[in-house]
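Chemist: Following this message is one structure expressed as structure tokens.
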Amino acid sequence: MLLEKITEAVEFLKKQGVESPTTGIVLGTGLGQMVNEISIEKKIDYSTIPHFPVSTVESHHGNLIYGSIGKEKIIAMQGRFHFYEGYSLAEVTFPIRVMKYLGIKRLLLSNAAGALNKEFRKGELMLLDDHINFLPDNPLRGKNHEELGPRFPDMNQPYSPELNEKLVLLAQKEGITLHKGTYVAVMGPNLETRAEYRMFNQFADAVGMSTVPEVIVANQMKLSCAAISVLTDECDPDNLVATSFEEILKVAAKAETKLTRLFTLLIQSF
């Protein structure tokens, strides 16, 4: 059934003119403006694509963007899906499988996250070096389809060392602060308590509500991944300041220029 759904979505998109993209991009909360760097050929509403979920987060536009950056063909999700919206992780990651079957070779992801590491500041960026799945589900749970990948994919290096090295060098060249760290994914949608921040601080540098499911599926399907968090708030439990979704969006918008610059330069280097 899953394979049939993927095939239907792929055939629909090909009929819309989506042909052989090589890089997939997932734009997270408050981070949809990178589409301005894409020479857009097609903008397709999620609601029209067979079996696609529809984003319910107000800051997510809900469009699949197809076009190019330089010579690279791009397909970008302007808005992603989350477990807290009520979707299963299989549904959350369905677009990643569709993009893989359309032909992408690599996947770039972004998210808004809270800074657990006390050396990090809101408005800065963090390159994901590793992650911890604290979500109460796994996108690979259920019947496995060998055509999509192995039942037990190795997660020794979920993020591509080659892509990460390129991003580090680009950040240095551009004078952009790019921390490196471990991201922990939680269910949400509430922000964490002081006690939860203390616990997560023992083993992670940033906390968010996305990205990990997509990366698990990408690794199963042998897609190289890189992911960057925009740090939108500082999660020091001893000096915690109340924040809001609106404030998170404001910080993300200010930092988005740096994220867009790094991803655009990376894509231009392929």
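All residue names refer to the structure tokens as shown: chains lettered A, B, ... in order, residues numbered from 1 in each chain, ligands numbered from 1 in order.
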Got a sec: who's within 6 Å of A:Gly28, counting only C-alpha atoms, leaving out chain neighbours fewer than 2 positions off, as JSON, numbers by chain?

Modeler: {"A": [31, 79, 110, 111]}

Chemist: Go ahead and write the selection's residues with C-alpha atoms as a PDB file, in the first residue's frame.

Modeler:
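Listing of out21.pdb after writing:
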```
ATOM      1  CA  LEU A  31      12.104  29.212   7.765  1.00  0.00           C
ATOM      2  CA  GLY A  79       6.489  23.730   5.490  1.00  0.00           C
ATOM      3  CA  SER A 110      16.252  23.013   8.752  1.00  0.00           C
ATOM      4  CA  ASN A 111      14.385  23.505  11.994  1.00  0.00           C
TER       5      ASN A 111
END
```

Chemist: With DSSP run on the backbone, what are the alpha helix (DSSP H) residues within stretch 192-253 of chain A? I'd like them as a PyMOL selection string.

Modeler: chain A and resi 194-201+212-220+245-253

Chemist: Excluding same-chain residues fewer than 2 positions from A:Gly103, what lies within 6 Å of it counting only C-alpha atoms, as a tab-separated table (two decimals) with C-alpha atoms, in the first residue's frame?

Modeler:
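The file below, part36.tsv, is the result:
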```tsv
chain	number	residue	atom	x	y	z
A	20	SER	CA	14.80	14.70	-11.86
A	21	PRO	CA	15.48	16.98	-8.89
A	100	LYS	CA	13.71	10.06	-3.16
A	101	TYR	CA	11.64	8.34	-5.85
```

Chemist: So which one's closest to A:Ala204, A:Gly114, A:Pro161, A:Pro150, A:Pro139? Using only C-alpha atoms, please.

Modeler: A:Gly114

Chemist: Per residue of stretch 155-192 of chain A within 6 Å of stretch 122-137 of chain A, what are the shortest atom pair and its distance in Å to one decimal, counting only C-alpha atoms, with rows by chain and residue number, as JSON lines?

Modeler:
```
{"residue": "A:Leu178", "atom": "CA", "partner": "A:Leu125", "partner_atom": "CA", "distance": 5.0}
{"residue": "A:His179", "atom": "CA", "partner": "A:Met126", "partner_atom": "CA", "distance": 4.4}
{"residue": "A:Lys180", "atom": "CA", "partner": "A:Leu127", "partner_atom": "CA", "distance": 4.7}
{"residue": "A:Gly181", "atom": "CA", "partner": "A:Asp129", "partner_atom": "CA", "distance": 5.4}
{"residue": "A:Thr182", "atom": "CA", "partner": "A:Asp130", "partner_atom": "CA", "distance": 4.8}
{"residue": "A:Tyr183", "atom": "CA", "partner": "A:His131", "partner_atom": "CA", "distance": 4.6}
{"residue": "A:Val184", "atom": "CA", "partner": "A:Ile132", "partner_atom": "CA", "distance": 4.7}
{"residue": "A:Ala185", "atom": "CA", "partner": "A:Phe134", "partner_atom": "CA", "distance": 5.3}
{"residue": "A:Val186", "atom": "CA", "partner": "A:Phe134", "partner_atom": "CA", "distance": 5.0}
{"residue": "A:Met187", "atom": "CA", "partner": "A:Leu135", "partner_atom": "CA", "distance": 5.3}
```

Chemist: Return as a tab-separated table the residues of stretch 191-257 of chain A lying at most 10 Å from stretch 80-96 of chain A, together with the closest atom-to-atom pair for each and the distance in Å to one decimal, counting only C-alpha atoms, with rows in chain order and ascending residue number.

Modeler:
```
residue	atom	partner	partner_atom	distance
A:Met209	CA	A:His82	CA	7.1
A:Ser210	CA	A:His82	CA	6.2
A:Thr211	CA	A:His82	CA	9.0
A:Val212	CA	A:Thr93	CA	9.9
A:Pro213	CA	A:Thr93	CA	6.6
A:Glu214	CA	A:Thr93	CA	5.4
A:Val215	CA	A:Thr93	CA	8.9
A:Ile216	CA	A:Thr93	CA	9.1
A:Val217	CA	A:Thr93	CA	6.9
A:Ala218	CA	A:Ile96	CA	7.0
A:Met221	CA	A:Ile96	CA	9.4
A:Leu223	CA	A:Ile96	CA	9.6
```

Chemist: Tell me, which residues of stretch 3-183 of chain A carry DSSP strand (DSSP E), written as a VMD selection string?

Modeler: chain A and resid 23 to 27 39 to 45 63 to 69 72 to 78 106 to 115 125 to 133 178 to 183

Chemist: List the spatial neighbours of A:Pro237 as a PyMOL selection string - criterion: any atom at most 12 Å away, only C-alpha atoms, same-chain residues fewer than 5 positions off excluded.

Modeler: chain A and resi 114-118+192-201+242

Chemist: So that I can check the surroundings of A:Lys42, please list as a list of chain:residue names every protein, DNA and RNA residue that reaches within 7 Å of it, counting only C-alpha atoms and ignoring chain neighbours fewer than 5 positions away.

Modeler: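 The neighbour list is A:Ile65, A:Tyr66, A:Gly67.
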
Chemist: Would you export the selected residues with C-alpha atoms as a PDB file, in the first residue's frame, please?

Modeler:
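Output below, filename result.pdb:
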```
ATOM      1  CA  ILE A  65       8.478  24.058  -4.682  1.00  0.00           C
ATOM      2  CA  TYR A  66      10.290  22.835  -7.799  1.00  0.00           C
ATOM      3  CA  GLY A  67      12.956  24.816  -9.598  1.00  0.00           C
TER       4      GLY A  67
END
```

Chemist: With a distance cut-off of 8 Å and only C-alpha atoms, select the neighbouring residues of A:Leu109, excluding the residue or stretch itself and same-chain residues fewer than 2 positions from it, and output the selection as a ChimeraX atom specification.

Modeler: /A:25-28,107,111,211,225-228

Chemist: Output the selection as an mmCIF file, in the first residue's frame - C-alpha atoms for each residue.

Modeler:
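What ended up in again-v6.cif:
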```cif
data_model
loop_
_atom_site.group_PDB
_atom_site.id
_atom_site.type_symbol
_atom_site.label_atom_id
_atom_site.label_comp_id
_atom_site.auth_asym_id
_atom_site.auth_seq_id
_atom_site.Cartn_x
_atom_site.Cartn_y
_atom_site.Cartn_z
ATOM 1 C CA ILE A 25 15.115 20.706 1.058
ATOM 2 C CA VAL A 26 12.858 20.701 4.127
ATOM 3 C CA LEU A 27 12.163 24.178 5.515
ATOM 4 C CA GLY A 28 11.170 24.269 9.168
ATOM 5 C CA LEU A 107 18.523 16.052 1.634
ATOM 6 C CA ASN A 111 14.385 23.505 11.994
ATOM 7 C CA THR A 211 13.878 16.490 11.694
ATOM 8 C CA CYS A 225 21.656 14.371 4.907
ATOM 9 C CA ALA A 226 22.669 17.653 6.465
ATOM 10 C CA ALA A 227 20.564 19.616 8.935
ATOM 11 C CA ILE A 228 20.854 23.008 10.600
#
```

Chemist: Select, from A:Arg141, A:Val98, A:Val168, A:Tyr46, the residue with the minimum atom-to-atom distance to A:Glu8, counting only C-alpha atoms.

Modeler: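 Result for the nearest residue to A:Glu8: A:Val98.
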